[in-house]
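Have a look at protein-v1.csv; it's CSV, C-alpha atoms:
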chain,number,residue,atom,x,y,z
E,804,MET,CA,44.8,7.6,38.0
E,805,GLY,CA,44.0,4.8,40.4
E,806,ARG,CA,43.1,1.3,39.5
E,807,ARG,CA,39.4,1.8,40.4
E,808,ALA,CA,39.2,4.9,38.2
E,809,ARG,CA,40.8,3.0,35.3
E,810,VAL,CA,38.3,0.2,35.6
E,811,ILE,CA,35.4,2.6,35.6
E,812,ALA,CA,36.8,4.6,32.6
E,813,SER,CA,37.4,1.3,30.7
E,814,ALA,CA,33.9,0.1,31.4
E,815,PHE,CA,32.5,3.5,30.3
E,816,LEU,CA,34.6,3.4,27.1
E,817,SER,CA,33.4,-0.2,26.3
E,818,LEU,CA,29.7,0.8,26.7
E,819,ALA,CA,30.2,3.9,24.5
E,820,LEU,CA,31.9,1.8,21.8
E,821,ALA,CA,29.2,-0.9,22.0
E,822,GLY,CA,26.5,1.7,21.7
E,823,GLY,CA,28.3,3.3,18.7
E,824,LEU,CA,28.6,-0.1,16.9
E,825,ALA,CA,25.0,-0.9,17.6
E,826,ALA,CA,24.0,2.4,16.1
E,827,CYS,CA,26.0,1.5,12.9
E,828,ALA,CA,24.5,-2.0,12.6
E,829,ASN,CA,22.1,-2.5,9.7
E,830,ASP,CA,18.8,-2.8,11.4
E,831,PRO,CA,16.0,-1.8,9.0
E,832,LEU,CA,13.2,-1.9,11.6
E,833,ALA,CA,15.2,0.4,13.9
E,834,GLU,CA,16.0,2.7,11.0
E,835,GLN,CA,12.3,2.9,10.1
E,836,TYR,CA,11.4,3.7,13.7
E,837,ARG,CA,14.1,6.4,14.0
E,838,ALA,CA,13.0,7.9,10.7
E,839,GLY,CA,9.8,9.1,12.4
E,840,ASP,CA,7.8,9.3,9.2
E,841,ASN,CA,4.5,8.6,11.0
E,842,LYS,CA,3.3,6.1,8.4
E,843,GLY,CA,1.6,4.0,11.1
E,844,TYR,CA,3.4,0.8,10.5
E,845,ILE,CA,6.9,-0.7,10.5
E,846,ALA,CA,7.4,-2.8,7.4
E,847,GLY,CA,9.3,-6.0,8.0
E,848,ASP,CA,10.0,-9.2,6.1
E,849,PHE,CA,7.0,-11.4,6.0
E,850,ARG,CA,7.0,-14.6,8.2
E,851,VAL,CA,4.9,-17.7,7.7
E,852,GLN,CA,4.1,-19.9,10.6
E,853,GLU,CA,2.2,-23.2,10.1
E,854,ILE,CA,0.8,-24.8,13.3
E,855,PRO,CA,0.4,-28.6,13.4
E,856,ALA,CA,-3.1,-29.7,14.2
E,857,ASP,CA,-2.1,-31.3,17.6
E,858,GLN,CA,-0.4,-28.0,18.7
E,859,ARG,CA,-3.3,-25.6,17.9
E,860,THR,CA,-5.0,-23.8,20.7
E,861,ASP,CA,-8.7,-23.2,21.4
E,862,PRO,CA,-11.0,-21.9,18.6
E,863,VAL,CA,-11.2,-18.2,18.2
E,864,GLU,CA,-14.7,-17.0,19.2
E,865,PHE,CA,-15.6,-13.5,18.1
E,866,GLU,CA,-18.4,-11.2,17.0
E,867,GLY,CA,-18.5,-7.8,15.5
E,868,THR,CA,-20.1,-5.3,13.1
E,869,LEU,CA,-19.2,-5.2,9.4
E,870,GLU,CA,-18.8,-2.1,7.4
E,871,THR,CA,-22.3,-2.6,6.2
E,872,GLY,CA,-23.7,-2.5,9.8
E,873,ASP,CA,-24.5,-6.2,9.8
E,874,ARG,CA,-23.4,-8.4,12.7
E,875,VAL,CA,-21.1,-11.3,12.2
E,876,SER,CA,-19.7,-13.9,14.5
E,877,SER,CA,-17.4,-17.0,14.5
E,878,ASP,CA,-20.6,-19.1,14.4
E,879,ASP,CA,-21.2,-17.9,10.9
E,880,PHE,CA,-18.1,-19.7,9.7
E,881,ALA,CA,-18.5,-23.0,11.5
E,882,GLY,CA,-17.2,-25.9,9.5
E,883,LYS,CA,-15.3,-23.6,7.1
E,884,VAL,CA,-11.7,-22.6,6.7
E,885,LEU,CA,-11.6,-18.9,7.5
E,886,VAL,CA,-8.9,-16.4,6.4
E,887,VAL,CA,-8.7,-13.4,8.6
E,888,ASN,CA,-6.8,-10.3,7.4
E,889,PHE,CA,-5.9,-7.4,9.8
E,890,TRP,CA,-5.6,-4.2,7.9
E,891,TYR,CA,-6.4,-0.4,7.7
E,892,ALA,CA,-6.8,2.0,4.8
E,893,ALA,CA,-3.6,4.1,5.3
E,894,CYS,CA,-1.4,1.1,5.6
E,895,GLY,CA,0.8,0.8,2.4
E,896,PRO,CA,1.5,-2.9,2.7
E,897,CYS,CA,-2.3,-3.5,3.2
E,898,ARG,CA,-2.9,-1.8,-0.1
E,899,ALA,CA,-0.1,-3.7,-1.8
E,900,GLU,CA,-1.5,-7.1,-0.7
E,901,ALA,CA,-5.2,-6.4,-1.3
E,902,GLY,CA,-5.0,-7.8,-4.9
E,903,ASP,CA,-3.4,-11.0,-3.7
E,904,LEU,CA,-5.9,-11.5,-1.0
E,905,GLU,CA,-8.8,-11.0,-3.4
E,906,LYS,CA,-7.1,-13.4,-5.9
E,907,ALA,CA,-6.9,-16.0,-3.2
E,908,HIS,CA,-10.5,-15.3,-2.2
E,909,THR,CA,-11.9,-15.9,-5.7
E,910,THR,CA,-9.8,-19.0,-6.0
E,911,PHE,CA,-11.9,-20.7,-3.3
E,912,GLU,CA,-15.3,-19.7,-4.5
E,913,GLY,CA,-17.7,-22.6,-4.0
E,914,ASP,CA,-15.4,-24.3,-1.4
E,915,ASP,CA,-15.8,-24.3,2.3
E,916,VAL,CA,-13.6,-21.3,2.7
E,917,ALA,CA,-14.5,-17.7,3.7
E,918,PHE,CA,-12.5,-14.5,4.0
E,919,LEU,CA,-13.0,-11.8,6.6
E,920,GLY,CA,-11.1,-8.5,7.0
E,921,ILE,CA,-10.6,-6.9,10.4
E,922,ASN,CA,-10.1,-3.2,10.0
E,923,THR,CA,-8.2,-2.0,13.0
E,924,SER,CA,-8.7,1.8,12.9
E,925,ASP,CA,-11.0,3.1,10.2
E,926,SER,CA,-14.7,4.2,10.0
E,927,PRO,CA,-17.1,2.0,8.1
E,928,GLU,CA,-17.2,4.5,5.3
E,929,ALA,CA,-13.4,4.5,4.9
E,930,ALA,CA,-13.3,0.7,5.0
E,931,ALA,CA,-16.0,0.5,2.3
E,932,ALA,CA,-14.1,3.1,0.2
E,933,PHE,CA,-10.9,1.0,0.4
E,934,ALA,CA,-12.8,-2.1,-0.6
E,935,GLU,CA,-14.2,-0.4,-3.7
E,936,THR,CA,-10.9,1.2,-4.7
E,937,TRP,CA,-8.9,-2.0,-4.3
E,938,GLY,CA,-11.5,-4.4,-5.6
E,939,VAL,CA,-12.0,-6.3,-2.3
E,940,THR,CA,-15.3,-8.2,-2.3
E,941,TYR,CA,-15.2,-10.0,1.1
E,942,PRO,CA,-16.5,-8.1,4.2
E,943,SER,CA,-14.6,-6.5,7.0
E,944,VAL,CA,-15.3,-6.2,10.7
E,945,ILE,CA,-14.8,-2.6,12.0
E,946,ALA,CA,-12.7,-3.0,15.1
E,947,ALA,CA,-11.6,0.6,15.8
E,948,ASP,CA,-14.1,1.0,18.7
E,949,ASP,CA,-14.8,-2.7,19.4
E,950,GLY,CA,-12.5,-4.0,22.2
E,951,ALA,CA,-14.2,-7.4,22.1
E,952,VAL,CA,-13.0,-8.2,18.6
E,953,LYS,CA,-9.5,-7.1,19.4
E,954,LEU,CA,-9.6,-9.1,22.6
E,955,ALA,CA,-10.8,-12.3,20.8
E,956,PHE,CA,-7.6,-12.3,18.7
E,957,ALA,CA,-5.2,-10.8,21.3
E,958,ASP,CA,-3.4,-14.0,22.1
E,959,LYS,CA,-3.4,-15.2,18.5
E,960,THR,CA,-1.5,-12.3,16.9
E,961,PRO,CA,-0.4,-8.9,17.9
E,962,ILE,CA,-3.2,-6.8,16.4
E,963,GLN,CA,-0.8,-3.8,15.9
E,964,ALA,CA,1.3,-6.1,13.6
E,965,THR,CA,-0.5,-4.9,10.5
E,966,PRO,CA,-0.9,-6.4,8.1
E,967,THR,CA,-1.2,-9.9,9.5
E,968,THR,CA,-3.2,-12.8,8.0
E,969,LEU,CA,-4.5,-15.8,9.9
E,970,VAL,CA,-5.8,-19.1,8.5
E,971,LEU,CA,-8.3,-20.7,10.9
E,972,ASP,CA,-9.1,-24.4,10.4
E,973,LYS,CA,-12.6,-25.8,10.2
E,974,GLN,CA,-12.7,-25.9,14.0
E,975,GLY,CA,-11.9,-22.2,14.2
E,976,ARG,CA,-8.3,-22.8,15.5
E,977,VAL,CA,-5.3,-20.9,14.1
E,978,ALA,CA,-3.6,-23.2,11.6
E,979,ALA,CA,-1.3,-20.7,10.0
E,980,ARG,CA,-0.3,-17.0,10.2
E,981,VAL,CA,1.5,-14.7,7.9
E,982,ILE,CA,3.0,-11.7,9.7
E,983,GLY,CA,3.7,-8.8,7.4
E,984,GLN,CA,2.7,-8.1,3.8
E,985,LEU,CA,1.6,-11.2,1.8
E,986,PRO,CA,4.2,-11.4,-1.0
E,987,ASP,CA,2.1,-13.6,-3.3
E,988,ALA,CA,-1.4,-15.1,-3.5
E,989,SER,CA,0.1,-18.6,-4.0
E,990,ILE,CA,1.5,-18.7,-0.5
E,991,LEU,CA,-1.9,-18.0,1.0
E,992,THR,CA,-3.7,-20.4,-1.3
E,993,ALA,CA,-1.3,-23.2,-0.3
E,994,LEU,CA,-1.9,-22.5,3.4
E,995,VAL,CA,-5.7,-22.6,2.8
E,996,ARG,CA,-5.5,-25.8,0.8
E,997,THR,CA,-3.6,-27.5,3.5
E,998,ALA,CA,-6.2,-26.5,6.1
E,999,LEU,CA,-9.1,-27.4,3.7
E,1000,GLU,CA,-7.7,-30.9,3.1
E,1001,GLU,CA,-7.5,-31.8,6.7
E,1002,SER,CA,-10.0,-34.3,7.8

Go ahead and express the file in the form of structure tokens.
Amino acid sequence: MGRRARVIASAFLSLALAGGLAACANDPLAEQYRAGDNKGYIAGDFRVQEIPADQRTDPVEFEGTLETGDRVSSDDFAGKVLVVNFWYAACGPCRAEAGDLEKAHTTFEGDDVAFLGINTSDSPEAAAAFAETWGVTYPSVIAADDGAVKLAFADKTPIQATPTTLVLDKQGRVAARVIGQLPDASILTALVRTALEES
């Protein structure tokens, strides 16, 4: 075997070995993808990102239609801290976090805080049934067929990363985001309090 053939064979063997080791590595997200169970989401560890006031981008301006058929827009929440939760009914983590979101929501009754769901794929009827089943009392925008709502948040969070929760400050700018299932209401209430106490 010539030198060139040995180099090629060695390179091929190295690539095969690296591929085999990568396949054996413990990567839960890759394993979920390979499982092909069609659950509609890939569950990951939640991440919290707080954004200092001087690093926040422009306010999010949006409008859409609620599950009730009423129209809503960012103007309706002017001067309030707004919690925006992206969800859909068949999403297991969305169901698991619904109680914590509602608990946080009721904690701030009477304060300048509002909660709004953005349902990414369901009909108004399915969204309303979810709210009734899981005891969610705040409204949700139905975004399945509303490209404008999705576009408004496109550069703030990947809308397919469901669930994701955003905390918008009183100017409508993203002050914090929780990517993945909210593990506890106290995390969200702390993020909201921080935004609420800003001057």

Residues near region 932-944 of chain E, cut-off 8 Å, all atoms listed in the file, skip fewer than 4 positions along chain, as a PyMOL selection string: chain E and resi 867-870+875+892+898+901-902+905+908+918-922+928

12 Å contact set for Ser989 (chain E), all atoms listed in the file, chain neighbours under 4 positions out, as number ranges by chain: E: 902-908, 910, 985, 993-996

So that I have them on file, write out the residues from the current selection with C-alpha atoms, as a PDB file, in the frame of the given file.
ATOM      1  CA  GLY E 902      -5.000  -7.800  -4.900  1.00  0.00           C
ATOM      2  CA  ASP E 903      -3.400 -11.000  -3.700  1.00  0.00           C
ATOM      3  CA  LEU E 904      -5.900 -11.500  -1.000  1.00  0.00           C
ATOM      4  CA  GLU E 905      -8.800 -11.000  -3.400  1.00  0.00           C
ATOM      5  CA  LYS E 906      -7.100 -13.400  -5.900  1.00  0.00           C
ATOM      6  CA  ALA E 907      -6.900 -16.000  -3.200  1.00  0.00           C
ATOM      7  CA  HIS E 908     -10.500 -15.300  -2.200  1.00  0.00           C
ATOM      8  CA  THR E 910      -9.800 -19.000  -6.000  1.00  0.00           C
ATOM      9  CA  LEU E 985       1.600 -11.200   1.800  1.00  0.00           C
ATOM     10  CA  ALA E 993      -1.300 -23.200  -0.300  1.00  0.00           C
ATOM     11  CA  LEU E 994      -1.900 -22.500   3.400  1.00  0.00           C
ATOM     12  CA  VAL E 995      -5.700 -22.600   2.800  1.00  0.00           C
ATOM     13  CA  ARG E 996      -5.500 -25.800   0.800  1.00  0.00           C
TER      14      ARG E 996
END

Per residue of region 870-931 of chain E within 10 Å of region 959-972 of chain E, note the shortest atom pair and the distance in Å to one decimal, counting all atoms listed in the file, and order the rows by chain and increasing residue number, as a tab-separated table.
residue	atom	partner	partner_atom	distance
E:Phe880	CA	E:Leu971	CA	9.9
E:Ala881	CA	E:Asp972	CA	9.6
E:Gly882	CA	E:Asp972	CA	8.3
E:Lys883	CA	E:Asp972	CA	7.1
E:Val884	CA	E:Asp972	CA	4.9
E:Leu885	CA	E:Leu971	CA	5.1
E:Val886	CA	E:Val970	CA	4.6
E:Val887	CA	E:Leu969	CA	5.0
E:Asn888	CA	E:Thr968	CA	4.4
E:Phe889	CA	E:Thr967	CA	5.3
E:Trp890	CA	E:Pro966	CA	5.2
E:Tyr891	CA	E:Thr965	CA	7.9
E:Cys894	CA	E:Thr965	CA	7.8
E:Gly895	CA	E:Pro966	CA	9.3
E:Pro896	CA	E:Pro966	CA	6.9
E:Cys897	CA	E:Pro966	CA	5.9
E:Arg898	CA	E:Pro966	CA	9.6
E:Glu900	CA	E:Pro966	CA	8.8
E:Leu904	CA	E:Thr968	CA	9.5
E:Val916	CA	E:Asp972	CA	9.4
E:Ala917	CA	E:Leu971	CA	10.0
E:Phe918	CA	E:Val970	CA	9.3
E:Leu919	CA	E:Thr968	CA	9.9
E:Gly920	CA	E:Thr968	CA	9.0
E:Ile921	CA	E:Ile962	CA	9.5
E:Asn922	CA	E:Thr965	CA	9.8
E:Thr923	CA	E:Ile962	CA	7.7

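Going from CA of Lys953 (chain E) to CA of Val977 (chain E) covers 15.4 Å.
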
Interatomic distance, CA of Ser924 (chain E) to CA of Asp861 (chain E) (Å, one decimal):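 The value is 26.4 Å.
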
Interatomic distance, CA of Thr992 (chain E) to CA of Thr909 (chain E) (Å, one decimal):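 Atom-to-atom, CA of Thr992 (chain E) to CA of Thr909 (chain E), that is 10.3 Å.
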
Region 938-943 of chain E: axis-aligned bounding box, 5 Å on each side, centre and edge lengths in Å, one decimal, as lines of an AutoDock Vina configuration file:
center_x = -14.0
center_y = -7.2
center_z = 0.7
size_x = 15.0
size_y = 15.6
size_z = 22.6
